[in-house]
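Trainee: So that you have it, the file is query-v1.cif, and it contains mmCIF, C-alpha atoms:
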```cif
data_query
#
loop_
_atom_site.label_atom_id
_atom_site.label_comp_id
_atom_site.auth_asym_id
_atom_site.auth_seq_id
_atom_site.Cartn_x
_atom_site.Cartn_y
_atom_site.Cartn_z
CA MET A 1 0.00 0.00 0.00
CA PHE A 2 2.33 2.72 1.22
CA HIS A 3 5.76 3.06 -0.27
CA GLY A 4 9.00 3.01 1.65
CA GLY A 5 11.20 4.01 -1.28
CA THR A 6 11.37 7.20 -3.30
CA TRP A 7 8.43 7.18 -5.68
CA PHE A 8 7.37 10.49 -7.14
CA GLN A 9 9.68 13.29 -6.10
CA LEU A 10 7.42 16.13 -7.10
CA CYS A 11 3.93 16.53 -8.50
CA GLN A 12 4.29 17.54 -12.12
CA ASP A 13 1.46 20.07 -12.05
CA CYS A 14 2.60 21.86 -8.89
CA VAL A 15 3.20 25.57 -9.10
CA VAL A 16 6.61 26.66 -7.85
CA ARG A 17 6.13 29.42 -5.30
CA THR A 18 8.46 32.08 -4.03
CA ASP A 19 9.76 32.02 -0.47
CA ASP A 20 7.26 34.68 0.54
CA GLU A 21 4.35 32.55 -0.69
CA ARG A 22 5.41 29.32 0.97
CA SER A 23 3.91 28.20 4.27
CA PRO A 24 6.44 27.54 7.06
CA ARG A 25 7.91 24.07 6.66
CA ARG A 26 7.15 21.46 9.32
CA GLN A 27 10.04 20.55 11.56
CA ASP A 28 8.87 17.09 12.71
CA ALA A 29 9.15 13.93 10.62
CA LEU A 30 6.39 13.27 8.13
CA SER A 31 5.00 9.74 8.33
CA ALA A 32 2.26 7.77 6.60
CA HIS A 33 0.28 7.86 9.86
CA VAL A 34 0.40 11.66 9.99
CA ILE A 35 -0.54 11.96 6.32
CA VAL A 36 -3.55 9.66 6.64
CA ALA A 37 -4.79 11.36 9.81
CA GLU A 38 -4.61 14.75 8.11
CA ALA A 39 -6.30 13.32 5.01
CA VAL A 40 -9.25 12.27 7.19
CA ALA A 41 -9.49 15.84 8.48
CA VAL A 42 -9.46 17.23 4.93
CA LEU A 43 -12.12 14.76 3.85
CA ASP A 44 -14.32 15.66 6.81
CA ASP A 45 -13.98 19.36 5.98
CA SER A 46 -14.16 19.29 2.19
CA GLY A 47 -15.30 15.86 1.03
CA ILE A 48 -13.66 13.60 -1.55
CA GLY A 49 -13.55 16.37 -4.14
CA GLY A 50 -11.62 18.59 -1.74
CA LEU A 51 -8.88 16.04 -1.06
CA THR A 52 -6.01 17.05 -3.32
CA PHE A 53 -2.31 16.60 -2.72
CA ARG A 54 -1.89 20.35 -2.97
CA ALA A 55 -4.49 21.00 -0.25
CA LEU A 56 -3.03 18.24 1.91
CA SER A 57 0.55 19.47 1.52
CA LYS A 58 -0.54 22.96 2.55
CA ARG A 59 -2.12 21.64 5.75
CA LEU A 60 0.93 19.48 6.46
CA ARG A 61 3.29 22.37 5.71
CA THR A 62 5.32 20.29 3.29
CA GLY A 63 5.65 19.74 -0.44
CA PRO A 64 3.61 17.26 -2.50
CA GLY A 65 6.79 15.30 -3.17
CA ALA A 66 7.08 14.43 0.51
CA ILE A 67 3.57 13.00 0.43
CA TYR A 68 4.25 11.02 -2.75
CA HIS A 69 7.17 9.41 -0.89
CA HIS A 70 4.57 7.63 1.27
CA VAL A 71 1.47 7.26 -0.91
CA ALA A 72 1.17 6.81 -4.66
CA ASN A 73 -2.13 8.50 -5.51
CA LYS A 74 -5.47 9.79 -4.27
CA GLU A 75 -7.18 6.39 -4.53
CA GLU A 76 -4.58 4.83 -2.26
CA LEU A 77 -4.94 7.71 0.19
CA LEU A 78 -8.74 7.37 0.27
CA ALA A 79 -8.44 3.64 0.91
CA ALA A 80 -5.94 4.27 3.73
CA ALA A 81 -8.19 6.92 5.30
CA ALA A 82 -11.16 4.53 5.28
CA LEU A 83 -9.00 1.73 6.71
CA LYS A 84 -7.83 3.99 9.54
CA LEU A 85 -11.42 4.68 10.59
CA ALA A 86 -12.36 1.00 10.33
CA ASN A 87 -9.32 -0.04 12.39
CA ASP A 88 -9.97 2.59 15.04
CA LEU A 89 -13.59 1.49 15.36
CA ALA A 90 -12.81 -2.22 15.46
CA SER A 91 -10.25 -1.81 18.22
CA ALA A 92 -12.29 0.56 20.36
CA HIS A 93 -15.86 -0.72 20.24
CA PRO A 94 -17.59 -3.39 22.38
CA ASP A 95 -17.98 -6.95 21.18
CA ASN A 96 -21.76 -6.98 20.70
CA VAL A 97 -22.40 -7.24 16.96
CA ARG A 98 -25.61 -5.18 17.03
CA GLU A 99 -23.86 -2.33 18.84
CA PHE A 100 -20.93 -2.63 16.46
CA MET A 101 -23.21 -2.35 13.42
CA LEU A 102 -24.81 0.77 14.89
CA ALA A 103 -21.34 2.17 15.58
CA ILE A 104 -20.45 1.67 11.90
CA HIS A 105 -23.66 3.47 10.94
CA ASP A 106 -22.72 6.37 13.21
CA LEU A 107 -19.19 6.39 11.79
CA ILE A 108 -20.51 6.73 8.23
CA GLU A 109 -22.96 9.42 9.30
CA GLY A 110 -20.17 11.32 11.06
CA HIS A 111 -17.78 11.10 8.09
CA ARG A 112 -20.04 11.86 5.14
CA TRP A 113 -17.42 10.86 2.54
CA LEU A 114 -16.97 7.38 4.00
CA GLY A 115 -20.17 5.92 2.56
CA ALA A 116 -19.09 6.78 -0.97
CA GLN A 117 -15.62 5.34 -0.39
CA LEU A 118 -16.81 2.04 1.08
CA SER A 119 -19.52 1.45 -1.52
CA SER A 120 -17.24 2.37 -4.43
CA ALA A 121 -14.81 -0.52 -3.83
CA PRO A 122 -16.22 -3.34 -1.67
CA TRP A 123 -12.96 -5.30 -2.00
CA GLN A 124 -10.82 -2.64 -0.27
CA ASP A 125 -9.05 -3.31 3.02
CA ALA A 126 -11.50 -1.21 5.07
CA VAL A 127 -14.38 -3.47 4.02
CA MET A 128 -12.25 -6.54 4.75
CA MET A 129 -11.60 -5.17 8.24
CA LEU A 130 -15.30 -4.57 8.86
CA PHE A 131 -16.14 -8.04 7.49
CA GLU A 132 -13.58 -9.60 9.82
CA SER A 133 -14.82 -7.58 12.80
CA ILE A 134 -18.47 -8.48 12.19
CA GLY A 135 -17.71 -12.17 11.62
CA ASP A 136 -15.48 -12.35 14.70
CA ARG A 137 -18.17 -10.80 16.89
CA LEU A 138 -20.79 -13.18 15.55
CA ALA A 139 -18.51 -16.14 16.32
CA ARG A 140 -17.84 -14.91 19.86
CA GLN A 141 -21.57 -14.47 20.43
CA GLY A 142 -22.00 -18.17 19.71
CA LEU A 143 -23.33 -18.24 16.15
CA GLU A 144 -22.80 -21.69 14.71
CA ALA A 145 -19.94 -21.92 12.25
CA VAL A 146 -22.10 -23.14 9.37
CA ARG A 147 -24.03 -19.84 9.43
CA LEU A 148 -21.16 -17.44 10.03
CA PHE A 149 -20.35 -16.67 6.40
CA ASP A 150 -23.96 -16.16 5.33
CA VAL A 151 -24.91 -13.94 8.26
CA ALA A 152 -21.72 -11.88 8.19
CA SER A 153 -22.14 -11.44 4.43
CA ALA A 154 -25.75 -10.34 4.85
CA LEU A 155 -24.73 -7.75 7.43
CA VAL A 156 -21.88 -6.42 5.28
CA ASN A 157 -24.10 -6.25 2.19
CA TYR A 158 -26.74 -4.42 4.21
CA LEU A 159 -24.07 -2.06 5.48
CA LEU A 160 -22.75 -1.35 1.98
CA GLY A 161 -26.26 -0.67 0.75
CA SER A 162 -26.72 1.84 3.53
CA ALA A 163 -23.32 3.35 2.71
CA GLY A 164 -24.43 3.76 -0.90
CA GLN A 165 -27.51 5.65 0.25
CA TYR A 166 -25.34 8.00 2.29
CA ALA A 167 -23.15 8.49 -0.76
CA ALA A 168 -26.21 9.45 -2.80
CA GLY A 169 -27.38 11.74 0.00
CA ALA A 170 -24.05 13.53 -0.03
CA ARG A 171 -24.73 14.55 -3.65
CA VAL A 172 -28.00 16.31 -2.77
CA PRO A 173 -27.60 20.10 -3.16
CA GLY A 174 -26.33 21.65 0.04
CA ASP A 175 -29.22 24.09 0.36
CA ILE A 176 -31.74 21.22 0.71
CA GLY A 177 -31.95 19.54 4.08
CA ARG A 178 -32.53 15.82 4.51
CA ASP A 179 -36.10 16.17 5.78
CA GLU A 180 -37.05 18.57 3.02
CA PHE A 181 -35.51 16.28 0.41
CA LEU A 182 -37.43 13.24 1.65
CA VAL A 183 -40.70 15.19 1.61
CA GLU A 184 -39.98 16.28 -1.97
CA VAL A 185 -39.24 12.70 -3.07
CA THR A 186 -42.32 11.33 -1.36
CA THR A 187 -44.55 14.03 -2.80
CA SER A 188 -43.14 13.40 -6.27
CA TRP A 189 -43.76 9.66 -6.04
CA THR A 190 -47.29 9.87 -4.71
CA SER A 191 -48.36 12.72 -7.00
CA ARG A 192 -47.29 10.83 -10.13
CA THR A 193 -48.66 7.39 -9.27
CA ASP A 194 -52.04 5.76 -8.87
CA PRO A 195 -52.66 4.38 -5.34
CA GLU A 196 -54.25 1.30 -6.88
CA GLN A 197 -51.12 0.55 -8.92
CA PHE A 198 -48.65 1.51 -6.16
CA PRO A 199 -50.53 0.72 -2.94
CA PHE A 200 -47.40 0.08 -0.89
CA ILE A 201 -45.69 3.37 -1.83
CA HIS A 202 -48.81 5.33 -0.92
CA SER A 203 -49.28 3.42 2.33
CA ILE A 204 -45.77 4.16 3.61
CA ALA A 205 -45.47 7.70 2.22
CA GLU A 206 -45.75 9.34 5.63
CA GLN A 207 -43.16 7.00 7.16
CA LEU A 208 -40.77 7.52 4.25
CA ALA A 209 -40.98 11.28 4.52
CA HIS A 210 -40.29 11.39 8.25
CA HIS A 211 -38.38 8.24 9.18
CA ASP A 212 -35.33 8.10 11.42
CA ASP A 213 -32.34 6.63 9.54
CA ARG A 214 -30.65 5.13 12.59
CA ARG A 215 -33.81 3.50 13.92
CA GLN A 216 -34.56 2.02 10.51
CA PHE A 217 -30.97 0.77 10.13
CA ALA A 218 -31.21 -0.88 13.57
CA ALA A 219 -34.48 -2.54 12.56
CA GLY A 220 -32.78 -4.08 9.54
CA VAL A 221 -29.89 -5.37 11.64
CA ASP A 222 -32.38 -6.90 14.10
CA LEU A 223 -34.20 -8.68 11.26
CA ILE A 224 -30.94 -10.21 9.99
CA LEU A 225 -29.84 -11.27 13.47
CA SER A 226 -33.24 -12.74 14.36
CA GLY A 227 -33.11 -14.76 11.15
CA ALA A 228 -29.63 -15.93 12.08
CA SER A 229 -30.90 -17.41 15.36
CA ALA A 230 -33.96 -19.04 13.81
CA PRO A 231 -33.88 -22.85 13.50
CA ASN A 232 -32.97 -24.32 10.10
#
```
Can the structure from this file be put into structure tokens for me?
Mentor:
Amino acid sequence: MFHGGTWFQLCQDCVVRTDDERSPRRQDALSAHVIVAEAVAVLDDSGIGGLTFRALSKRLRTGPGAIYHHVANKEELLAAAALKLANDLASAHPDNVREFMLAIHDLIEGHRWLGAQLSSAPWQDAVMMLFESIGDRLARQGLEAVRLFDVASALVNYLLGSAGQYAAGARVPGDIGRDEFLVEVTTSWTSRTDPEQFPFIHSIAEQLAHHDDRRQFAAGVDLILSGASAPN
């Protein structure tokens, strides 16, 4: 993942600045850990679009070449940032799988870029870490081995679906709040459809417009876990 040798010495599209324009150089050693932690901060502030090596080097008070010494490109940096959050959560949170799933939900909600990153590449190391953490917790809670893969997979797939919804929500124009957006969607659906042809949509319109995301996510987790404990 991260490079220990000398990869790219300087970003080709960087603008050379005069001494007066340069930020003060950092005096401490720059490490991959420091770079990834600062990348998370940039992502939280500005989203995936705002994470550039130029913006990151400015915050780190170094040149882009120093960053390229540790990480090859933006995709690798995004994957490392997501893995850091997954690792931190896995090592810090209780063993109960339901609580852990809700903690992942809260993590994605708190880092709005994370849903897009996880759902964009389900094979990345951050998803592997979450898969391992969910499966390990299920095993320690006594789930029989023959069901471990299926139940852990169902939970991860459910999680990635939720992450994809957060990714889509992040693309909603900033001047429209979540509640307002849901009301607009619900109104659009019900105004353009016949209740006899779409009875379910019309019956749940009020719930859809005003539902609580976390409560609904927890309900889905409970359904999966109750199915896991049901007899064959």
Trainee: Return as a ChimeraX atom specification the set of residues that the PyMOL selection byres ((chain A and resi 143) around 12) yields on the displayed structure.
Mentor: /A:97,134-142,144-152,225-231
Trainee: Would you please work out which residue, of A:Leu107, A:Leu102, A:Gln207, A:Arg112, is nearest to Asp88 of chain A when using all atoms listed in the file?
Mentor: A:Leu107
Trainee: Considering only C-alpha atoms, state which residue in the set A:His111, A:Val71, A:Gly65, A:Phe100 is at the smallest distance from Phe131 of chain A.
Mentor: A:Phe100
Trainee: Which residues come within 8 Å of segment 212-218 of chain A, counting all atoms listed in the file, excluding same-chain residues fewer than 5 positions away, as a list of chain:residue names?
Mentor: A:Arg98, A:Leu102, A:His105, A:Ser162
Trainee: Please provide as a VMD selection string all residues within 9 Å of segment 182-193 of chain A, with the sequence filter that same-chain residues fewer than 3 positions apart are discarded (counting only C-alpha atoms).
Mentor: chain A and resid 177 to 179 196 to 198 201 to 202 205 to 206 208 to 210
Trainee: So which one's closest to Met128 of chain A, A:Ala168, A:Ile176, A:Val156, A:Val34? Using all atoms listed in the file, please.
Mentor: A:Val156
Trainee: Please report the interatomic distance between atom CA of Gly63 of chain A and atom CA of Leu30 of chain A in Å with one decimal.
Mentor: 10.8 Å
Trainee: Would you kindly translate the PyMOL selection byres ((chain A and resi 54) around 8) into the concrete residues it picks from this file, as a list in words?
Mentor: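 Checked against the file, the PyMOL selection byres ((chain A and resi 54) around 8) matches Cys14, Thr52, Phe53, Ala55, Leu56, Ser57, Lys58, Gly63 and Pro64 of chain A.
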Trainee: For each of A:Ser46, A:Asn73, A:Ser133, A:Thr62, take the minimum atom-to-atom distance to Asp95 of chain A, counting only C-alpha atoms, then give the residue where this is smallest.
Mentor: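 The answer is A:Ser133, which sits nearest to Asp95 of chain A.
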Trainee: Give as a list in words the residues that the PyMOL selection byres ((chain A and resi 44) around 12) matches when applied to the coordinates above.
Mentor: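 Residues picked by the PyMOL selection byres ((chain A and resi 44) around 12): Ala37, Glu38, Ala39, Val40, Ala41, Val42, Leu43, Asp45, Ser46, Gly47, Ile48, Gly49, Gly50, Leu51, Leu78, Ala81, Ala82, Leu85, Leu107, Ile108, Glu109, Gly110, His111, Arg112, Trp113 and Leu114 of chain A.
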Trainee: How would the residues just picked look written out with C-alpha atoms as a PDB file, keeping the file's coordinate frame?
Mentor:
```
ATOM      1  CA  ALA A  37      -4.790  11.360   9.810  1.00  0.00           C
ATOM      2  CA  GLU A  38      -4.610  14.750   8.110  1.00  0.00           C
ATOM      3  CA  ALA A  39      -6.300  13.320   5.010  1.00  0.00           C
ATOM      4  CA  VAL A  40      -9.250  12.270   7.190  1.00  0.00           C
ATOM      5  CA  ALA A  41      -9.490  15.840   8.480  1.00  0.00           C
ATOM      6  CA  VAL A  42      -9.460  17.230   4.930  1.00  0.00           C
ATOM      7  CA  LEU A  43     -12.120  14.760   3.850  1.00  0.00           C
ATOM      8  CA  ASP A  45     -13.980  19.360   5.980  1.00  0.00           C
ATOM      9  CA  SER A  46     -14.160  19.290   2.190  1.00  0.00           C
ATOM     10  CA  GLY A  47     -15.300  15.860   1.030  1.00  0.00           C
ATOM     11  CA  ILE A  48     -13.660  13.600  -1.550  1.00  0.00           C
ATOM     12  CA  GLY A  49     -13.550  16.370  -4.140  1.00  0.00           C
ATOM     13  CA  GLY A  50     -11.620  18.590  -1.740  1.00  0.00           C
ATOM     14  CA  LEU A  51      -8.880  16.040  -1.060  1.00  0.00           C
ATOM     15  CA  LEU A  78      -8.740   7.370   0.270  1.00  0.00           C
ATOM     16  CA  ALA A  81      -8.190   6.920   5.300  1.00  0.00           C
ATOM     17  CA  ALA A  82     -11.160   4.530   5.280  1.00  0.00           C
ATOM     18  CA  LEU A  85     -11.420   4.680  10.590  1.00  0.00           C
ATOM     19  CA  LEU A 107     -19.190   6.390  11.790  1.00  0.00           C
ATOM     20  CA  ILE A 108     -20.510   6.730   8.230  1.00  0.00           C
ATOM     21  CA  GLU A 109     -22.960   9.420   9.300  1.00  0.00           C
ATOM     22  CA  GLY A 110     -20.170  11.320  11.060  1.00  0.00           C
ATOM     23  CA  HIS A 111     -17.780  11.100   8.090  1.00  0.00           C
ATOM     24  CA  ARG A 112     -20.040  11.860   5.140  1.00  0.00           C
ATOM     25  CA  TRP A 113     -17.420  10.860   2.540  1.00  0.00           C
ATOM     26  CA  LEU A 114     -16.970   7.380   4.000  1.00  0.00           C
TER      27      LEU A 114
END
```
Trainee: Please rebuild segment 140-163 of chain A with N, CA, C and O atoms and give the result as a PDB file, in the coordinates of the input.
Mentor:
```pdb
ATOM      1  N   ARG A 140     -17.992 -14.997  18.407  1.00  0.00           N
ATOM      2  CA  ARG A 140     -17.840 -14.910  19.860  1.00  0.00           C
ATOM      3  C   ARG A 140     -19.184 -14.834  20.577  1.00  0.00           C
ATOM      4  O   ARG A 140     -19.258 -15.109  21.773  1.00  0.00           O
ATOM      5  N   GLN A 141     -20.233 -14.457  19.841  1.00  0.00           N
ATOM      6  CA  GLN A 141     -21.570 -14.470  20.430  1.00  0.00           C
ATOM      7  C   GLN A 141     -22.245 -15.828  20.295  1.00  0.00           C
ATOM      8  O   GLN A 141     -23.390 -16.013  20.695  1.00  0.00           O
ATOM      9  N   GLY A 142     -21.523 -16.791  19.726  1.00  0.00           N
ATOM     10  CA  GLY A 142     -22.000 -18.170  19.710  1.00  0.00           C
ATOM     11  C   GLY A 142     -22.721 -18.607  18.457  1.00  0.00           C
ATOM     12  O   GLY A 142     -23.319 -19.691  18.439  1.00  0.00           O
ATOM     13  N   LEU A 143     -22.677 -17.814  17.382  1.00  0.00           N
ATOM     14  CA  LEU A 143     -23.330 -18.240  16.150  1.00  0.00           C
ATOM     15  C   LEU A 143     -22.627 -19.468  15.589  1.00  0.00           C
ATOM     16  O   LEU A 143     -21.402 -19.500  15.504  1.00  0.00           O
ATOM     17  N   GLU A 144     -23.400 -20.450  15.205  1.00  0.00           N
ATOM     18  CA  GLU A 144     -22.800 -21.690  14.710  1.00  0.00           C
ATOM     19  C   GLU A 144     -22.000 -21.433  13.442  1.00  0.00           C
ATOM     20  O   GLU A 144     -22.362 -20.604  12.598  1.00  0.00           O
ATOM     21  N   ALA A 145     -20.906 -22.167  13.322  1.00  0.00           N
ATOM     22  CA  ALA A 145     -19.940 -21.920  12.250  1.00  0.00           C
ATOM     23  C   ALA A 145     -20.557 -22.021  10.871  1.00  0.00           C
ATOM     24  O   ALA A 145     -20.192 -21.275   9.962  1.00  0.00           O
ATOM     25  N   VAL A 146     -21.523 -22.932  10.692  1.00  0.00           N
ATOM     26  CA  VAL A 146     -22.100 -23.140   9.370  1.00  0.00           C
ATOM     27  C   VAL A 146     -22.859 -21.905   8.887  1.00  0.00           C
ATOM     28  O   VAL A 146     -23.061 -21.716   7.683  1.00  0.00           O
ATOM     29  N   ARG A 147     -23.271 -21.035   9.807  1.00  0.00           N
ATOM     30  CA  ARG A 147     -24.030 -19.840   9.430  1.00  0.00           C
ATOM     31  C   ARG A 147     -23.183 -18.566   9.411  1.00  0.00           C
ATOM     32  O   ARG A 147     -23.663 -17.523   8.984  1.00  0.00           O
ATOM     33  N   LEU A 148     -21.970 -18.648   9.875  1.00  0.00           N
ATOM     34  CA  LEU A 148     -21.160 -17.440  10.030  1.00  0.00           C
ATOM     35  C   LEU A 148     -21.000 -16.673   8.725  1.00  0.00           C
ATOM     36  O   LEU A 148     -21.205 -15.454   8.683  1.00  0.00           O
ATOM     37  N   PHE A 149     -20.612 -17.359   7.673  1.00  0.00           N
ATOM     38  CA  PHE A 149     -20.350 -16.670   6.400  1.00  0.00           C
ATOM     39  C   PHE A 149     -21.607 -15.991   5.873  1.00  0.00           C
ATOM     40  O   PHE A 149     -21.570 -14.834   5.457  1.00  0.00           O
ATOM     41  N   ASP A 150     -22.731 -16.715   5.885  1.00  0.00           N
ATOM     42  CA  ASP A 150     -23.960 -16.160   5.330  1.00  0.00           C
ATOM     43  C   ASP A 150     -24.445 -14.947   6.124  1.00  0.00           C
ATOM     44  O   ASP A 150     -24.850 -13.934   5.543  1.00  0.00           O
ATOM     45  N   VAL A 151     -24.404 -15.044   7.437  1.00  0.00           N
ATOM     46  CA  VAL A 151     -24.910 -13.940   8.260  1.00  0.00           C
ATOM     47  C   VAL A 151     -23.981 -12.740   8.197  1.00  0.00           C
ATOM     48  O   VAL A 151     -24.433 -11.597   8.052  1.00  0.00           O
ATOM     49  N   ALA A 152     -22.677 -12.986   8.293  1.00  0.00           N
ATOM     50  CA  ALA A 152     -21.720 -11.880   8.190  1.00  0.00           C
ATOM     51  C   ALA A 152     -21.832 -11.207   6.820  1.00  0.00           C
ATOM     52  O   ALA A 152     -21.786  -9.975   6.708  1.00  0.00           O
ATOM     53  N   SER A 153     -21.999 -12.004   5.766  1.00  0.00           N
ATOM     54  CA  SER A 153     -22.140 -11.440   4.430  1.00  0.00           C
ATOM     55  C   SER A 153     -23.409 -10.606   4.312  1.00  0.00           C
ATOM     56  O   SER A 153     -23.410  -9.525   3.702  1.00  0.00           O
ATOM     57  N   ALA A 154     -24.498 -11.093   4.891  1.00  0.00           N
ATOM     58  CA  ALA A 154     -25.750 -10.340   4.850  1.00  0.00           C
ATOM     59  C   ALA A 154     -25.608  -9.007   5.558  1.00  0.00           C
ATOM     60  O   ALA A 154     -26.098  -7.971   5.073  1.00  0.00           O
ATOM     61  N   LEU A 155     -24.928  -8.994   6.692  1.00  0.00           N
ATOM     62  CA  LEU A 155     -24.730  -7.750   7.430  1.00  0.00           C
ATOM     63  C   LEU A 155     -23.842  -6.778   6.658  1.00  0.00           C
ATOM     64  O   LEU A 155     -24.115  -5.570   6.608  1.00  0.00           O
ATOM     65  N   VAL A 156     -22.772  -7.289   6.049  1.00  0.00           N
ATOM     66  CA  VAL A 156     -21.880  -6.420   5.280  1.00  0.00           C
ATOM     67  C   VAL A 156     -22.597  -5.881   4.049  1.00  0.00           C
ATOM     68  O   VAL A 156     -22.472  -4.689   3.710  1.00  0.00           O
ATOM     69  N   ASN A 157     -23.357  -6.725   3.361  1.00  0.00           N
ATOM     70  CA  ASN A 157     -24.100  -6.250   2.190  1.00  0.00           C
ATOM     71  C   ASN A 157     -25.137  -5.200   2.580  1.00  0.00           C
ATOM     72  O   ASN A 157     -25.339  -4.216   1.862  1.00  0.00           O
ATOM     73  N   TYR A 158     -25.785  -5.406   3.694  1.00  0.00           N
ATOM     74  CA  TYR A 158     -26.740  -4.420   4.210  1.00  0.00           C
ATOM     75  C   TYR A 158     -26.028  -3.113   4.528  1.00  0.00           C
ATOM     76  O   TYR A 158     -26.517  -2.018   4.206  1.00  0.00           O
ATOM     77  N   LEU A 159     -24.866  -3.237   5.140  1.00  0.00           N
ATOM     78  CA  LEU A 159     -24.070  -2.060   5.480  1.00  0.00           C
ATOM     79  C   LEU A 159     -23.647  -1.298   4.226  1.00  0.00           C
ATOM     80  O   LEU A 159     -23.744  -0.059   4.171  1.00  0.00           O
ATOM     81  N   LEU A 160     -23.192  -2.014   3.207  1.00  0.00           N
ATOM     82  CA  LEU A 160     -22.750  -1.350   1.980  1.00  0.00           C
ATOM     83  C   LEU A 160     -23.918  -0.697   1.250  1.00  0.00           C
ATOM     84  O   LEU A 160     -23.757   0.363   0.631  1.00  0.00           O
ATOM     85  N   GLY A 161     -25.093  -1.309   1.323  1.00  0.00           N
ATOM     86  CA  GLY A 161     -26.260  -0.670   0.750  1.00  0.00           C
ATOM     87  C   GLY A 161     -26.595   0.630   1.443  1.00  0.00           C
ATOM     88  O   GLY A 161     -26.917   1.646   0.800  1.00  0.00           O
ATOM     89  N   SER A 162     -26.502   0.621   2.764  1.00  0.00           N
ATOM     90  CA  SER A 162     -26.720   1.840   3.530  1.00  0.00           C
ATOM     91  C   SER A 162     -25.658   2.885   3.202  1.00  0.00           C
ATOM     92  O   SER A 162     -25.952   4.074   3.067  1.00  0.00           O
ATOM     93  N   ALA A 163     -24.410   2.423   3.056  1.00  0.00           N
ATOM     94  CA  ALA A 163     -23.320   3.350   2.710  1.00  0.00           C
ATOM     95  C   ALA A 163     -23.582   3.994   1.355  1.00  0.00           C
ATOM     96  O   ALA A 163     -23.318   5.186   1.149  1.00  0.00           O
TER      97      ALA A 163
END
```
